[in-house]
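Q: Right, I'll just put the structure down here and ask away after.
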Amino acid sequence: MLLKIIRKFSSAHRLPHYDGPCYQLHGHTWKVVFLIEGKVKENGMVHDFKVLKKLLDAQLPDHQYLNDLVENPTAENLAPYLFQKVNQALQPLELKLKSIELWENENAAAVFEG
Ligand SMILES: [Zn+2]
């Protein structure tokens with residue numbers, strides 16, 4: 001069974017190798033779409049959505065400077081970084097992250113599948 005959960009976070013970054021306005025410090029409110037795989041348990045749930053939302057939020061770099069975490073924090077570089085972090089956090093719950101969509105605005109996203 002697959003669960004889809006959407007979260008948001010705000011952060012600042014700059015793209016050091018970009019020849020254009022994104023070279024400058026700026027911010028985004030990112031939308032992240034998580035696709036999580038797990039077995040449906042006896043209670044009819046894969047896992048409590050409330051618990052999962054809390055776990056996912058704890059992994060997101062809200063109000064952080066993304067260049068401190070990833071050298072060149074494009075959406076394409078951030079998506080695998082977040083994927084690995086979240087997938088590790090899901091392991092103790094016997095859940096797997098299938099994919100992550102990182103939307104930097106309403107029209108553009110990087111998609112990473114593990
Ligand atoms: Zn940006």
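Starting from 1 in every chain, residues are counted up; chains themselves are A, B, ... following the order of the structure tokens, and ligands are numbered from 1 as listed.
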Find the residues near ligand 1. Use a cut-off of 8 Å, count only C-alpha atoms and all ligand atoms, and write them as a PyMOL selection string.

A: chain A and resi 12-15+22+26-28+74-75+104

Q: Mind dumping the selected residues with N, CA, C and O atoms as a compact mmCIF listing (two decimals), in the first residue's frame?

A:
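Okay, out-v9.txt is ready:
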# COMPACT_ATOMS: atom_id res chain seq x y z
N ALA A 12 15.90 29.37 3.24
CA ALA A 12 16.68 30.26 2.38
C ALA A 12 17.80 29.47 1.71
O ALA A 12 18.25 28.46 2.24
N HIS A 13 18.18 29.91 0.52
CA HIS A 13 19.36 29.34 -0.12
C HIS A 13 19.86 30.30 -1.19
O HIS A 13 19.23 31.31 -1.50
N ARG A 14 21.02 29.99 -1.73
CA ARG A 14 21.52 30.65 -2.93
C ARG A 14 22.22 29.59 -3.76
O ARG A 14 22.71 28.60 -3.22
N LEU A 15 22.22 29.79 -5.08
CA LEU A 15 22.82 28.80 -5.97
C LEU A 15 24.15 29.34 -6.47
O LEU A 15 24.19 30.21 -7.35
N CYS A 22 19.07 33.69 -9.04
CA CYS A 22 19.11 32.69 -7.95
C CYS A 22 20.50 32.55 -7.33
O CYS A 22 20.67 31.84 -6.34
N HIS A 26 17.91 34.00 -1.42
CA HIS A 26 16.46 34.15 -1.53
C HIS A 26 15.80 32.97 -0.82
O HIS A 26 16.49 32.06 -0.35
N GLY A 27 14.48 32.99 -0.75
CA GLY A 27 13.78 31.94 -0.01
C GLY A 27 12.67 31.29 -0.81
O GLY A 27 12.24 31.81 -1.84
N HIS A 28 12.26 30.14 -0.34
CA HIS A 28 11.12 29.42 -0.92
C HIS A 28 10.28 28.86 0.21
O HIS A 28 10.81 28.53 1.28
N THR A 74 20.28 23.07 -5.15
CA THR A 74 19.20 23.12 -6.14
C THR A 74 18.11 22.13 -5.69
O THR A 74 18.37 21.24 -4.86
N ALA A 75 16.93 22.25 -6.25
CA ALA A 75 15.87 21.28 -5.94
C ALA A 75 16.34 19.86 -6.28
O ALA A 75 16.07 18.91 -5.56
N GLU A 104 9.52 23.69 -5.74
CA GLU A 104 10.08 24.98 -5.29
C GLU A 104 9.10 26.12 -5.55
O GLU A 104 9.21 27.19 -4.96

Q: Within 9 Å of range 58-68 of chain A, counting only C-alpha atoms, which residues show up once you throw out same-chain ones fewer than 5 positions away? Write them as number ranges by chain, please.

A: A: 7-15, 53, 73, 78, 82, 85-86, 89

Q: Just the residues within 7 Å of Asn87 in chain A, please, counting only C-alpha atoms, with nothing from its chain fewer than 3 positions along; format it as an MDAnalysis selection string.

A: chainID A and resid 83:84 90:91 96:97

Q: I'd like to know which of A:Tyr81, A:Tyr18, A:Phe49, A:Trp30 is closest to Asn107 in chain A, using only C-alpha atoms.

A: A:Trp30

Q: When distances are computed from only C-alpha atoms, which of A:Val70, A:Ala110, A:Ile6, A:Met1 shows the smallest separation from Val33 in chain A?

A: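 Checking each of A:Val70, A:Ala110, A:Ile6, A:Met1 against Val33 in chain A, counting only C-alpha atoms, the winner is A:Ile6.
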
Q: Run DSSP on the backbone and grab whatever in range 3-94 of chain A lands in helix (DSSP H, G or I); send it over as a PyMOL selection string.

A: chain A and resi 21-23+49-59+66-68+75-93

Q: I'd like to know which residues of range 40-113 of chain A are strand (DSSP E) (by DSSP, run on the backbone); could you write them as a PyMOL selection string?

A: chain A and resi 64-65+96-105+108-113

Q: Take the residues from that selection and put them in a file with N, CA and C atoms, as an mmCIF file, in the first residue's frame.

A:
data_model
loop_
_atom_site.group_PDB
_atom_site.id
_atom_site.type_symbol
_atom_site.label_atom_id
_atom_site.label_comp_id
_atom_site.auth_asym_id
_atom_site.auth_seq_id
_atom_site.Cartn_x
_atom_site.Cartn_y
_atom_site.Cartn_z
ATOM 1 N N GLN A 64 15.884 26.997 7.831
ATOM 2 C CA GLN A 64 17.332 26.798 7.824
ATOM 3 C C GLN A 64 17.914 27.345 6.520
ATOM 4 N N TYR A 65 19.232 27.566 6.558
ATOM 5 C CA TYR A 65 19.962 28.001 5.370
ATOM 6 C C TYR A 65 20.476 26.744 4.678
ATOM 7 N N LYS A 96 8.984 2.233 3.823
ATOM 8 C CA LYS A 96 9.980 2.654 2.838
ATOM 9 C C LYS A 96 9.497 3.888 2.093
ATOM 10 N N LEU A 97 10.408 4.793 1.849
ATOM 11 C CA LEU A 97 10.075 5.932 1.007
ATOM 12 C C LEU A 97 10.251 5.504 -0.447
ATOM 13 N N LYS A 98 9.204 5.655 -1.247
ATOM 14 C CA LYS A 98 9.264 5.279 -2.665
ATOM 15 C C LYS A 98 9.770 6.438 -3.508
ATOM 16 N N SER A 99 9.241 7.627 -3.203
ATOM 17 C CA SER A 99 9.660 8.786 -3.981
ATOM 18 C C SER A 99 9.388 10.064 -3.198
ATOM 19 N N ILE A 100 10.052 11.095 -3.648
ATOM 20 C CA ILE A 100 9.861 12.408 -3.053
ATOM 21 C C ILE A 100 9.732 13.407 -4.208
ATOM 22 N N GLU A 101 8.779 14.304 -4.078
ATOM 23 C CA GLU A 101 8.652 15.426 -5.032
ATOM 24 C C GLU A 101 8.940 16.686 -4.245
ATOM 25 N N LEU A 102 9.873 17.467 -4.719
ATOM 26 C CA LEU A 102 10.220 18.716 -4.039
ATOM 27 C C LEU A 102 9.841 19.880 -4.958
ATOM 28 N N TRP A 103 8.763 20.551 -4.588
ATOM 29 C CA TRP A 103 8.225 21.654 -5.397
ATOM 30 C C TRP A 103 8.789 22.971 -4.896
ATOM 31 N N GLU A 104 9.523 23.689 -5.744
ATOM 32 C CA GLU A 104 10.075 24.978 -5.290
ATOM 33 C C GLU A 104 9.098 26.124 -5.547
ATOM 34 N N ASN A 105 8.148 25.910 -6.430
ATOM 35 C CA ASN A 105 7.001 26.811 -6.593
ATOM 36 C C ASN A 105 5.873 25.957 -7.148
ATOM 37 N N ALA A 108 7.057 23.971 -10.596
ATOM 38 C CA ALA A 108 8.320 23.262 -10.855
ATOM 39 C C ALA A 108 8.735 22.419 -9.659
ATOM 40 N N ALA A 109 9.053 21.157 -9.966
ATOM 41 C CA ALA A 109 9.472 20.229 -8.907
ATOM 42 C C ALA A 109 10.568 19.314 -9.396
ATOM 43 N N ALA A 110 11.406 18.861 -8.466
ATOM 44 C CA ALA A 110 12.353 17.777 -8.735
ATOM 45 C C ALA A 110 11.776 16.517 -8.091
ATOM 46 N N VAL A 111 11.811 15.420 -8.848
ATOM 47 C CA VAL A 111 11.271 14.150 -8.357
ATOM 48 C C VAL A 111 12.424 13.162 -8.238
ATOM 49 N N PHE A 112 12.538 12.543 -7.073
ATOM 50 C CA PHE A 112 13.587 11.534 -6.858
ATOM 51 C C PHE A 112 12.942 10.243 -6.398
ATOM 52 N N GLU A 113 13.303 9.162 -7.070
ATOM 53 C CA GLU A 113 12.811 7.828 -6.695
ATOM 54 C C GLU A 113 13.983 7.002 -6.212
#

Q: Set the distance at 10 Å and use only C-alpha atoms: which residues neighbour Leu2 in chain A once local chain neighbours fewer than 5 positions away are removed? I'd like the list as an NGL selection string.

A: :A and (34-40 or 46 or 95-98)

Q: From the list A:Gly44, A:Lys50, A:Leu3, A:Leu55, which residue is nearest Pro92 in chain A when using only C-alpha atoms?

A: A:Leu55

Q: State, in Å with one decimal place, the distance from CA of Glu42 in chain A to CA of Gly114 in chain A.

A: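 According to the coordinates, CA of Glu42 in chain A and CA of Gly114 in chain A are separated by 27.6 Å.
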